>>> print(open('run_23.cif').read())   # mmCIF, C-alpha atoms and all ligand atoms
data_data
loop_
_atom_site.label_atom_id
_atom_site.label_comp_id
_atom_site.auth_asym_id
_atom_site.auth_seq_id
_atom_site.Cartn_x
_atom_site.Cartn_y
_atom_site.Cartn_z
CA MET A 1 25.80 33.37 13.87
CA PRO A 2 23.84 34.92 16.74
CA VAL A 3 22.86 38.50 16.10
CA SER A 4 22.41 40.92 18.98
CA LEU A 5 19.40 43.11 18.48
CA PRO A 6 19.11 46.63 19.84
CA VAL A 7 16.22 47.35 22.13
CA TRP A 8 13.30 49.48 21.03
CA PRO A 9 13.57 52.81 22.90
CA ARG A 10 10.07 52.59 24.23
CA PHE A 11 11.11 49.79 26.55
CA ALA A 12 14.64 50.71 27.34
CA VAL A 13 16.72 53.49 28.80
CA SER A 14 19.49 53.04 26.27
CA TYR A 15 18.88 53.29 22.54
CA VAL A 16 21.23 52.90 19.61
CA PRO A 17 19.48 53.46 16.27
CA LEU A 18 19.89 50.51 13.91
CA SER A 19 20.35 51.10 10.21
CA SER A 20 18.42 49.14 7.61
CA SER A 21 21.75 47.63 6.51
CA HIS A 22 21.93 45.64 9.75
CA PRO A 23 22.18 41.87 9.01
CA VAL A 24 18.78 41.08 10.52
CA THR A 25 16.83 43.83 8.79
CA SER A 26 18.67 43.14 5.53
CA TYR A 27 17.66 39.49 5.76
CA ILE A 28 13.99 40.34 6.21
CA LEU A 29 14.00 42.85 3.38
CA HIS A 30 15.80 40.40 1.11
CA GLN A 31 13.22 37.73 1.87
CA THR A 32 10.50 40.27 1.17
CA ASP A 33 11.94 41.11 -2.24
CA LEU A 34 12.23 37.43 -3.13
CA ARG A 35 8.63 36.75 -2.24
CA LEU A 36 7.33 39.76 -4.11
CA SER A 37 9.37 38.78 -7.17
CA HIS A 38 7.55 35.45 -7.26
CA SER A 39 4.28 37.31 -7.87
CA SER A 40 2.62 35.74 -4.86
CA ALA A 41 0.96 39.08 -4.16
CA PHE A 42 -1.45 38.34 -7.01
CA MET A 43 -2.49 34.95 -5.67
CA PRO A 44 -5.66 34.43 -3.64
CA LYS A 45 -5.09 35.46 -0.02
CA LYS A 46 -5.66 32.00 1.44
CA ALA A 47 -3.15 30.53 -1.01
CA GLN A 48 -0.60 33.21 -0.07
CA ALA A 49 -0.91 32.38 3.60
CA ARG A 50 -0.38 28.70 2.81
CA LEU A 51 2.57 29.30 0.49
CA ASN A 52 4.26 31.93 2.63
CA PRO A 53 4.64 30.72 6.19
CA LEU A 54 6.27 33.15 8.57
CA PRO A 55 10.09 33.08 8.20
CA LEU A 56 10.65 33.71 11.92
CA PRO A 57 8.69 33.40 15.16
CA THR A 58 6.04 36.10 15.61
CA GLU A 59 7.85 37.69 18.57
CA MET A 60 11.03 38.03 16.51
CA LEU A 61 9.18 39.59 13.58
CA ASP A 62 7.41 41.95 15.95
CA LEU A 63 10.75 43.18 17.26
CA ILE A 64 12.32 43.51 13.80
CA PHE A 65 9.32 45.34 12.39
CA SER A 66 9.39 47.68 15.37
CA ILE A 67 12.97 48.55 14.45
CA LEU A 68 12.04 48.98 10.78
CA LEU A 69 9.32 51.41 11.84
CA ASP A 70 12.11 53.70 13.03
CA THR A 71 14.73 52.99 10.41
CA ASP A 72 13.02 51.98 7.17
CA ARG A 73 9.30 52.59 6.95
CA LYS A 74 9.26 51.83 3.21
CA GLY A 75 10.82 48.46 3.93
CA LEU A 76 8.18 47.81 6.56
CA ALA A 77 5.45 48.76 4.07
CA LYS A 78 6.92 46.22 1.63
CA CYS A 79 6.75 43.55 4.32
CA CYS A 80 2.99 44.19 4.52
CA LEU A 81 2.64 42.98 0.91
CA VAL A 82 4.36 39.62 1.34
CA SER A 83 1.49 37.55 2.63
CA GLN A 84 -1.63 37.80 4.69
CA SER A 85 0.14 36.40 7.73
CA MET A 86 3.04 38.88 7.40
CA ASN A 87 0.59 41.68 6.72
CA HIS A 88 -1.26 40.90 9.93
CA ILE A 89 1.89 41.61 11.97
CA ALA A 90 3.61 44.30 9.88
CA ALA A 91 0.58 46.52 9.15
CA SER A 92 -0.39 46.90 12.79
CA ILE A 93 3.20 48.02 13.57
CA LEU A 94 3.28 50.36 10.56
CA TYR A 95 0.25 52.11 12.02
CA ARG A 96 1.63 52.43 15.53
CA ARG A 97 2.87 55.86 14.56
CA ILE A 98 0.53 57.94 12.44
CA ARG A 99 0.22 61.53 11.28
CA VAL A 100 -2.97 63.54 10.94
CA SER A 101 -2.37 66.37 8.54
CA PRO A 102 -4.27 68.74 6.24
CA ILE A 103 -1.57 67.96 3.66
CA ALA A 104 -3.16 65.00 1.89
CA HIS A 105 -0.04 62.97 1.13
CA LEU A 106 1.12 63.22 4.77
CA ASP A 107 -2.23 62.17 6.24
CA SER A 108 -2.10 58.55 7.44
CA ARG A 109 -5.92 58.41 7.35
CA ALA A 110 -6.09 58.74 3.55
CA ASP A 111 -7.95 55.71 2.24
CA HIS A 112 -7.81 54.73 -1.43
CA ALA A 113 -9.15 51.19 -1.10
CA THR A 114 -11.78 50.43 -3.72
CA ASP A 115 -13.98 48.56 -1.25
CA ARG A 116 -14.31 51.46 1.18
CA PHE A 117 -17.77 52.29 -0.17
CA THR A 118 -21.03 50.47 0.44
CA ALA A 119 -23.26 49.34 -2.45
CA THR A 120 -25.17 52.63 -2.15
CA GLY A 121 -22.00 54.71 -2.46
CA LYS A 122 -21.57 55.69 1.20
CA GLN A 123 -18.23 55.41 2.93
CA LYS A 124 -18.08 52.46 5.31
CA THR A 125 -17.73 53.28 8.99
CA ASN A 126 -15.43 50.36 9.74
CA THR A 127 -13.04 50.06 6.82
CA ARG A 128 -9.78 48.16 7.02
CA LYS A 129 -7.92 51.47 7.23
CA LYS A 130 -10.00 52.57 10.21
CA LYS A 131 -9.21 49.27 11.95
CA LEU A 132 -5.50 49.87 11.36
CA LEU A 133 -5.73 53.43 12.70
CA LYS A 134 -6.89 51.94 15.99
CA CYS A 135 -3.37 50.47 16.36
CA ALA A 136 -1.95 54.00 16.69
CA GLU A 137 0.10 54.61 19.82
CA ILE A 138 1.85 57.81 18.71
CA VAL A 139 -0.35 60.31 16.90
CA THR A 140 1.02 63.52 15.40
CA ILE A 141 -1.45 66.26 14.56
CA ASP A 142 -0.25 69.09 12.31
CA TYR A 143 -1.54 72.64 12.75
CA HIS A 144 -4.54 73.33 10.57
CA HIS A 145 -7.50 75.58 9.92
CA ALA A 146 -10.37 75.08 12.37
CA SER A 147 -12.79 74.38 9.54
CA TRP A 148 -10.62 71.44 8.45
CA CYS A 149 -10.85 69.46 11.69
CA GLY A 150 -14.64 69.94 11.78
CA ASN A 151 -16.32 66.95 13.42
CA LYS A 152 -13.81 64.34 12.34
CA THR A 153 -13.55 62.91 15.83
CA PHE A 154 -11.81 59.56 16.01
CA LYS A 155 -10.69 57.79 19.15
CA TYR A 156 -7.38 55.97 19.23
CA PRO A 157 -7.84 53.32 21.92
CA LYS A 158 -4.10 52.58 22.22
CA LEU A 159 -2.98 56.21 22.15
CA ASP A 160 0.02 56.89 24.38
CA THR A 161 1.78 59.96 22.96
CA LEU A 162 0.12 62.88 21.23
CA VAL A 163 2.44 65.17 19.29
CA LEU A 164 1.03 68.59 18.41
CA ARG A 165 2.97 70.38 15.71
CA MET A 166 2.04 73.97 16.40
CA ASN A 167 2.41 77.02 14.22
CA VAL A 168 3.71 80.32 15.58
CA ASN A 169 1.81 83.41 14.50
CA GLY A 170 1.34 86.88 15.99
CA LEU A 171 -0.77 85.43 18.82
CA GLY A 172 1.72 82.79 19.88
CA PRO A 173 1.90 79.05 19.23
CA VAL A 174 -1.38 77.84 17.79
CA LEU A 175 -2.83 74.54 16.65
CA HIS A 176 -5.58 76.31 14.75
CA ALA A 177 -3.72 78.59 12.42
CA HIS A 178 -5.40 81.68 10.95
CA ASP A 179 -8.60 81.33 12.88
CA ILE A 180 -10.83 82.83 15.52
CA LEU A 181 -9.54 82.58 19.04
CA GLU A 182 -12.10 80.63 21.00
CA LYS A 183 -12.60 77.63 18.74
CA GLN A 184 -10.98 74.47 20.06
CA CYS A 185 -9.83 71.49 18.08
CA THR A 186 -12.31 68.66 17.76
CA LEU A 187 -9.53 66.33 16.63
CA VAL A 188 -7.81 66.79 19.97
CA LYS A 189 -10.82 67.29 22.22
CA CYS A 190 -11.81 63.65 22.51
CA LEU A 191 -8.29 62.23 22.96
CA GLU A 192 -6.83 61.00 26.23
CA PRO A 193 -3.06 60.67 25.77
CA ARG A 194 -0.63 59.80 28.55
CA LYS A 195 1.95 62.19 27.16
CA VAL A 196 1.68 65.36 25.06
CA VAL A 197 4.56 66.80 23.05
CA PHE A 198 4.24 70.42 21.92
CA TYR A 199 6.49 70.58 18.92
CA GLU A 200 7.76 73.72 17.25
CA SER A 201 6.28 75.90 19.90
CA CYS A 202 7.72 79.26 20.70
CA PHE A 203 9.93 79.61 23.72
CA THR A 204 8.61 83.02 24.69
CA ASN A 205 4.95 82.20 25.03
CA ILE A 206 4.23 78.50 25.10
CA SER A 207 2.57 78.59 28.47
CA GLY A 208 0.34 81.44 27.41
CA ASP A 209 -2.44 81.12 24.94
CA MET A 210 -2.19 77.88 23.00
CA LEU A 211 -5.04 78.48 20.64
CA GLY A 212 -6.97 75.41 19.69
CA VAL A 213 -5.54 73.23 22.46
CA PRO A 214 -8.17 72.61 25.14
CA PHE A 215 -6.75 72.83 28.67
CA LYS A 216 -8.93 69.79 29.41
CA LEU A 217 -6.37 67.79 27.45
CA LEU A 218 -3.59 68.87 29.81
CA SER A 219 -5.61 68.02 32.91
CA SER A 220 -5.37 64.29 32.20
CA VAL A 221 -1.79 63.87 30.92
CA GLU A 222 1.07 62.46 32.97
CA ALA A 223 3.96 63.94 30.97
CA ILE A 224 4.35 67.14 28.94
CA THR A 225 7.28 67.94 26.68
CA PHE A 226 7.90 71.29 25.03
CA VAL A 227 10.22 71.20 22.03
CA CYS A 228 11.27 74.76 21.21
CA THR A 229 12.40 76.06 17.88
CA LEU A 230 15.05 78.27 16.42
CA THR A 231 12.54 80.39 14.53
CA GLY A 232 14.08 83.68 13.53
CA VAL A 233 11.22 86.02 14.34
CA LYS A 234 9.11 85.48 17.41
CA PRO A 235 6.10 87.36 18.72
CA THR A 236 5.83 89.01 22.09
CA MET A 237 4.65 87.09 25.09
CA SER A 238 0.98 86.41 25.49
CA TRP A 239 -0.38 85.28 28.82
CA GLY A 240 -3.37 83.01 28.70
CA GLY A 241 -3.10 81.45 32.13
CA TYR A 242 -2.35 77.89 33.11
CA PRO A 243 -4.58 74.82 33.29
CA ASN A 244 -6.46 74.71 36.59
CA ASP A 245 -5.97 71.02 37.04
CA MET A 246 -2.59 69.39 36.44
CA SER A 247 -2.91 66.94 39.32
CA ARG A 248 -2.03 63.94 37.17
CA LEU A 249 1.11 65.51 35.73
CA LYS A 250 4.23 63.63 36.83
CA LYS A 251 6.99 65.10 34.65
CA LEU A 252 7.74 68.12 32.48
CA VAL A 253 10.51 68.19 29.90
CA TRP A 254 11.62 71.38 28.16
CA ILE A 255 13.92 70.72 25.21
CA PHE A 256 15.78 73.59 23.60
CA HIS A 257 15.69 72.17 20.14
CA THR A 258 18.75 72.26 17.97
CA PRO A 259 19.04 69.72 15.15
CA ASN A 260 22.66 68.83 15.88
CA PRO A 261 25.44 69.53 18.38
CA SER A 262 27.01 72.32 16.31
CA THR A 263 23.89 74.53 16.26
CA ARG A 264 23.18 77.15 18.93
CA TRP A 265 19.81 78.42 20.07
CA VAL A 266 18.64 81.87 21.15
CA PRO A 267 15.32 82.68 22.81
CA GLY A 268 12.65 84.84 21.26
CA ALA A 269 14.09 88.31 20.91
CA VAL A 270 12.03 90.07 18.24
CA SER A 271 8.40 91.03 18.72
CA VAL A 272 5.80 91.25 15.96
CA LEU A 273 6.36 95.00 16.01
CA GLY A 274 10.06 94.53 15.41
CA ARG A 275 11.14 95.61 18.88
CA THR A 276 14.03 93.60 20.19
CA ARG A 277 14.59 92.27 23.65
CA SER A 278 18.01 90.97 24.37
CA HIS A 279 18.05 89.99 28.04
CA LEU A 280 17.91 86.34 28.95
CA SER A 281 16.13 87.18 32.20
CA GLN A 282 13.28 88.79 30.24
CA ASP A 283 13.14 86.16 27.55
CA ILE A 284 12.71 83.32 30.01
CA MET A 285 9.88 84.93 31.94
CA VAL A 286 7.32 82.53 30.53
CA LEU A 287 9.45 79.52 31.35
CA THR A 288 9.82 80.89 34.87
CA GLY A 289 6.07 81.38 35.18
CA THR A 290 5.41 77.87 33.90
CA ILE A 291 7.79 76.31 36.41
CA ARG A 292 6.34 78.29 39.33
CA ASN A 293 2.81 77.19 38.41
CA LEU A 294 3.57 73.48 38.13
CA PRO A 295 2.72 70.97 40.83
CA ASP A 296 5.58 69.39 42.80
CA ILE A 297 7.04 67.30 39.95
CA PRO A 298 10.49 66.72 38.41
CA ILE A 299 11.41 69.13 35.61
CA LEU A 300 14.02 68.30 32.98
CA ILE A 301 15.63 71.14 31.01
CA VAL A 302 17.52 69.72 28.06
CA ASN A 303 20.22 71.30 25.91
CA ALA A 304 20.36 74.64 27.75
CA GLY A 305 24.13 74.39 27.24
CA SER A 306 23.75 75.03 23.50
CA LEU A 307 22.67 78.59 24.31
CA ASP A 308 24.36 81.04 21.95
CA HIS A 309 27.39 82.49 23.72
CA VAL A 310 27.24 85.86 21.94
CA TYR A 311 23.65 86.30 23.11
CA VAL A 312 24.74 86.05 26.75
CA GLY A 313 27.84 88.16 26.30
CA GLU A 314 30.50 85.43 26.31
CA ASN A 315 33.48 85.37 23.96
CA LEU A 316 33.68 81.61 23.48
CA TRP A 317 31.08 78.89 23.54
CA ASP A 318 31.34 76.22 26.20
CA GLU A 319 28.47 73.84 26.91
CA THR A 320 29.02 73.65 30.67
CA ARG A 321 29.45 77.40 30.94
CA GLY A 322 26.31 78.01 28.84
CA GLN A 323 24.25 75.67 31.00
CA GLU A 324 25.53 77.26 34.21
CA LYS A 325 24.72 80.73 32.90
CA PHE A 326 21.22 79.67 31.95
CA ALA A 327 20.64 77.93 35.30
CA SER A 328 21.86 80.95 37.25
CA VAL A 329 19.55 83.38 35.43
CA LEU A 330 16.63 80.98 35.75
CA LYS A 331 17.18 80.63 39.50
CA GLN A 332 17.25 84.42 39.95
CA ASN A 333 14.04 84.69 37.96
CA ILE A 334 12.26 82.01 39.97
CA ILE A 335 13.20 83.79 43.20
CA ARG A 336 12.13 87.16 41.83
CA GLY A 337 8.78 85.60 40.89
CA GLY A 338 7.95 85.21 44.59
CA TYR A 339 7.16 87.95 47.13
CA ARG A 340 9.60 90.88 47.09
CA ARG A 341 9.67 93.79 49.49
CA GLY A 342 8.64 97.13 48.03
CA VAL A 343 10.71 100.33 47.82
CA ARG A 344 9.47 103.41 49.70
CA PRO A 345 10.76 106.99 50.06
CA ASP A 346 12.17 107.80 53.53
CA PRO A 347 11.53 111.23 55.21
CA SER A 348 14.50 112.71 53.34
CA GLY A 349 13.00 111.62 50.02
CA LYS A 350 15.53 108.87 49.43
CA TRP A 351 14.15 105.55 48.12
CA VAL A 352 14.82 102.62 50.48
CA THR A 353 13.69 99.02 50.65
CA ASP A 354 10.85 98.26 53.06
CA GLN A 355 12.38 97.35 56.45
CA ASP A 356 9.21 95.98 58.10
CA PRO A 357 10.37 92.80 59.95
CA VAL A 358 7.18 90.95 58.95
CA ASN A 359 7.82 91.66 55.30
CA ILE A 360 11.52 90.77 55.61
CA GLN A 361 10.55 87.36 57.04
CA LYS A 362 7.92 86.90 54.34
CA GLU A 363 10.52 87.56 51.64
CA LEU A 364 12.95 85.09 53.25
CA ASP A 365 10.25 82.40 53.42
CA GLU A 366 9.36 82.93 49.77
CA GLU A 367 13.03 82.74 48.78
CA ALA A 368 13.37 79.41 50.56
CA MET A 369 10.27 78.12 48.76
CA SER A 370 11.59 79.35 45.40
CA SER A 371 14.91 77.59 46.01
CA LYS A 372 13.01 74.35 46.59
CA ILE A 373 11.20 74.86 43.27
CA PHE A 374 14.56 75.33 41.54
CA GLU A 375 15.92 72.14 43.12
CA ARG A 376 13.25 70.16 41.25
CA ILE A 377 14.97 71.04 37.98
CA THR A 378 17.54 68.73 36.40
CA PHE A 379 19.70 70.17 33.63
CA LEU A 380 20.77 67.67 31.00
CA SER A 381 22.76 67.70 27.80
CA MET A 382 20.89 66.41 24.76
CA LYS A 383 23.07 63.31 24.61
CA ASP A 384 22.46 62.44 28.27
CA TYR A 385 18.76 62.88 27.76
CA LEU A 386 18.57 60.72 24.62
CA MET A 387 20.59 57.95 26.23
CA ASN A 388 18.71 57.79 29.50
CA HIS A 389 15.13 58.89 28.91
CA ASN A 390 12.16 57.98 26.78
CA TRP A 391 12.14 60.56 23.97
CA VAL A 392 9.48 58.96 21.76
CA GLY A 393 7.69 61.59 19.69
CA GLU A 394 10.15 64.34 20.60
CA LEU A 395 13.02 64.19 18.11
CA ARG A 396 13.40 62.72 14.65
CA ASN A 397 15.61 59.66 14.43
CA ASP A 398 18.13 61.35 12.14
CA GLU A 399 18.50 64.13 14.70
CA ALA A 400 18.96 61.61 17.48
CA ARG A 401 21.68 59.87 15.46
CA ALA A 402 23.51 63.19 15.02
CA TRP A 403 23.55 63.65 18.80
CA LEU A 404 24.43 60.06 19.67
CA GLN A 405 27.39 59.73 17.34
ZN ZN B 1 -8.57 71.30 14.88
#
>>> encode(input="run_23.cif", output="structure tokens", more="lines below")
Ligand SMILES: [Zn+2]
Amino acid sequence: MPVSLPVWPRFAVSYVPLSSSHPVTSYILHQTDLRLSHSSAFMPKKAQARLNPLPLPTEMLDLIFSILLDTDRKGLAKCCLVSQSMNHIAASILYRRIRVSPIAHLDSRADHATDRFTATGKQKTNTRKKKLLKCAEIVTIDYHHASWCGNKTFKYPKLDTLVLRMNVNGLGPVLHAHDILEKQCTLVKCLEPRKVVFYESCFTNISGDMLGVPFKLLSSVEAITFVCTLTGVKPTMSWGGYPNDMSRLKKLVWIFHTPNPSTRWVPGAVSVLGRTRSHLSQDIMVLTGTIRNLPDIPILIVNAGSLDHVYVGENLWDETRGQEKFASVLKQNIIRGGYRRGVRPDPSGKWVTDQDPVNIQKELDEEAMSSKIFERITFLSMKDYLMNHNWVGELRNDEARAWLQ
């Protein structure tokens, strides 16, 4: 019976996650179990390759393993143990997506192979694990202490998407947690990704001072995605400026992250000193500043409609209404960010807006320019975004399933 396979999201606009119970993936895993149960894993490698020919054409296995990478990584790891020929295909796919983390059991670079040392006890520079790491296309780096990254520079020649899982402290979103301000990450410094995803970064100050993230990194990327959090306590804004060179940037996505459709988000409203700010127009100042400082590129704002209705003074939640409210406040803010006429006292002491015709024209020109900036923004629901855009590295698959149901 012919089986229709879903398409890996990297290559398609439409993605339907496939469970590991799908007939094709079940077949592969079943075959894997059978082979392992025959103890072939303990045979000499050459004998394994001879006894275990590939069950399907390489292209087919490549596609199935790519799906397993998303749906059943343990199953994919088991496929690596079947035979040398299966290992050759499955292991390189298993390492397409890796994580670099100070938490040892999460760090994909951990190497426990007994032959990783030379005869004199030194670690080899080109171990099998290091060769596999060079397959990485999506690399996630967790926040860490600056002394941990040290000089562990490693280039990933196939790197496409770099995901930076930031930590929010009193200074804003940081990659180097609990450290001095000026030190930049050597793990990130030498990388040249096409796309960077800032994950778990604070809404109120992402564009400000991203400690540990060199602006040089942003000067070469084509796509930036900010994935904001629902963290309860957020610090005040910190302004660290914007990268001087974003000439290669082609797209910016700002996702207001909620794990499922029934959760609402609110922007940062509590400073480190405990002072609250409760006006949307103030809370989105950094987003406004970011948008005004970007080159002429498309901007996608995703899931603004899940904005908490109580926060904006509405009685009932409605996605369309929430998105419209957000868009309206953002537009006002973008216009206010341009030139505005001053207020002066007239001879009677009454405060009036500057009526100089030159300044009136200047304000009108700036308003027209600000409106053009706003027109570059597309507002999308999370479902629309997941179905029609490449969201690799941005959401977990279980979250995507919750939205696509
Ligand atoms: Zn670092």
>>> residues_near_ligand(input="run_23.cif", ligand="ligand ZN 1 (chain B)", cutoff="8 Å", atoms="only C-alpha atoms and all ligand atoms", output="PyMOL selection string")
chain A and resi 143-150+175-176+184-188+212
>>> closest_atom_pairs(input="run_23.cif", of="segment 319-401 of chain A", to="segment 309-313 of chain A", cutoff="12 Å", atoms="all atoms listed in the file", output="tab-separated table")
residue	atom	partner	partner_atom	distance
A:Glu319	CA	A:His309	CA	9.3
A:Thr320	CA	A:His309	CA	11.4
A:Arg321	CA	A:His309	CA	9.1
A:Gly322	CA	A:His309	CA	6.9
A:Gln323	CA	A:His309	CA	10.5
A:Glu324	CA	A:Val312	CA	11.6
A:Lys325	CA	A:Val312	CA	8.1
A:Phe326	CA	A:Val312	CA	9.0
A:Val329	CA	A:Val312	CA	10.5
>>> atom_distance(input="run_23.cif", atom1="atom CA of Leu94 of chain A", atom2="atom CA of Val392 of chain A")
15.4 Å
>>> residues_around(input="run_23.cif", residues="Ile299 of chain A", least_positions_apart="5", cutoff="6 Å", atoms="all atoms listed in the file", output="PyMOL selection string")
chain A and resi 252-253+377
>>> atom_distance(input="run_23.cif", atom1="atom CA of Ser85 of chain A", atom2="atom CA of Val139 of chain A")
25.6 Å
>>> residues_around(input="run_23.cif", residues="segment 66-70 of chain A", least_positions_apart="4", cutoff="7 Å", atoms="all atoms listed in the file", output="PyMOL selection string")
chain A and resi 8+62+75-76+93-94
>>> closest_residue(input="run_23.cif", among="A:Lys195, A:Gly342, A:His257, A:Lys216", to="Ala400 of chain A", atoms="all atoms listed in the file")
A:His257
>>> atom_distance(input="run_23.cif", atom1="atom CA of Phe117 of chain A", atom2="atom CA of Lys152 of chain A")
17.8 Å
>>> closest_residue(input="run_23.cif", among="A:Ser101, A:Gln123, A:Ser328, A:Thr114", to="Asp142 of chain A", atoms="only C-alpha atoms")
A:Ser101
>>> residues_near_point(input="run_23.cif", point="(23.6, 77.8, 21.7)", cutoff="6 Å", atoms="only C-alpha atoms", output="MDAnalysis selection string")
chainID A and resid 264:265 306:308
>>> closest_residue(input="run_23.cif", among="A:Asn244, A:Ser281, A:Asn315, A:Thr120", to="Pro295 of chain A", atoms="all atoms listed in the file")
A:Asn244
>>> residues_around(input="run_23.cif", residues="Ile138 of chain A", least_positions_apart="4", cutoff="9 Å", atoms="all atoms listed in the file", output="list in words")
Tyr95, Arg96, Arg97, Ile98, Arg99, Lys158, Leu159, Asp160, Thr161, Leu162, Val163, Val392 and Gly393 of chain A
>>> residues_around(input="run_23.cif", residues="Ser219 of chain A", least_positions_apart="5", cutoff="9 Å", atoms="only C-alpha atoms", output="list of chain:residue names")
A:Pro243, A:Asn244, A:Asp245, A:Met246, A:Ser247, A:Arg248, A:Leu249
>>> closest_residue(input="run_23.cif", among="A:Asn303, A:Asn126, A:Thr153, A:Thr71", to="Ser381 of chain A", atoms="all atoms listed in the file")
A:Asn303
>>> residues_around(input="run_23.cif", residues="Tyr156 of chain A", least_positions_apart="4", cutoff="8 Å", atoms="all atoms listed in the file", output="list in words")
Leu133, Lys134, Cys135, Ala136, Glu137 and Leu191 of chain A
>>> build_atoms(input="run_23.cif", residues="segment 385-399 of chain A", atoms="N, CA and C atoms", output="tab-separated table (two decimals), in the coordinates of the input")
chain	number	residue	atom	x	y	z
A	385	TYR	N	20.20	63.08	27.77
A	385	TYR	CA	18.76	62.88	27.76
A	385	TYR	C	18.37	61.74	26.82
A	386	LEU	N	18.93	61.76	25.61
A	386	LEU	CA	18.57	60.72	24.62
A	386	LEU	C	18.99	59.34	25.10
A	387	MET	N	20.09	59.26	25.80
A	387	MET	CA	20.59	57.95	26.23
A	387	MET	C	19.85	57.41	27.45
A	388	ASN	N	19.25	58.26	28.23
A	388	ASN	CA	18.71	57.79	29.50
A	388	ASN	C	17.22	58.05	29.72
A	389	HIS	N	16.55	58.59	28.72
A	389	HIS	CA	15.13	58.89	28.91
A	389	HIS	C	14.33	58.47	27.68
A	390	ASN	N	13.03	58.33	27.89
A	390	ASN	CA	12.16	57.98	26.78
A	390	ASN	C	11.82	59.24	25.99
A	391	TRP	N	12.34	59.34	24.76
A	391	TRP	CA	12.14	60.56	23.97
A	391	TRP	C	11.22	60.31	22.77
A	392	VAL	N	10.40	59.28	22.86
A	392	VAL	CA	9.48	58.96	21.76
A	392	VAL	C	8.60	60.17	21.42
A	393	GLY	N	8.54	60.50	20.14
A	393	GLY	CA	7.69	61.59	19.69
A	393	GLY	C	8.34	62.96	19.80
A	394	GLU	N	9.55	63.03	20.34
A	394	GLU	CA	10.15	64.34	20.60
A	394	GLU	C	11.17	64.78	19.55
A	395	LEU	N	12.03	63.85	19.13
A	395	LEU	CA	13.02	64.19	18.11
A	395	LEU	C	12.91	63.21	16.96
A	396	ARG	N	13.34	63.66	15.78
A	396	ARG	CA	13.40	62.72	14.65
A	396	ARG	C	14.59	61.80	14.86
A	397	ASN	N	14.53	60.63	14.24
A	397	ASN	CA	15.61	59.66	14.43
A	397	ASN	C	16.94	60.13	13.83
A	398	ASP	N	16.87	60.88	12.72
A	398	ASP	CA	18.13	61.35	12.14
A	398	ASP	C	18.78	62.40	13.04
A	399	GLU	N	17.95	63.18	13.74
A	399	GLU	CA	18.50	64.13	14.70
A	399	GLU	C	19.14	63.40	15.87
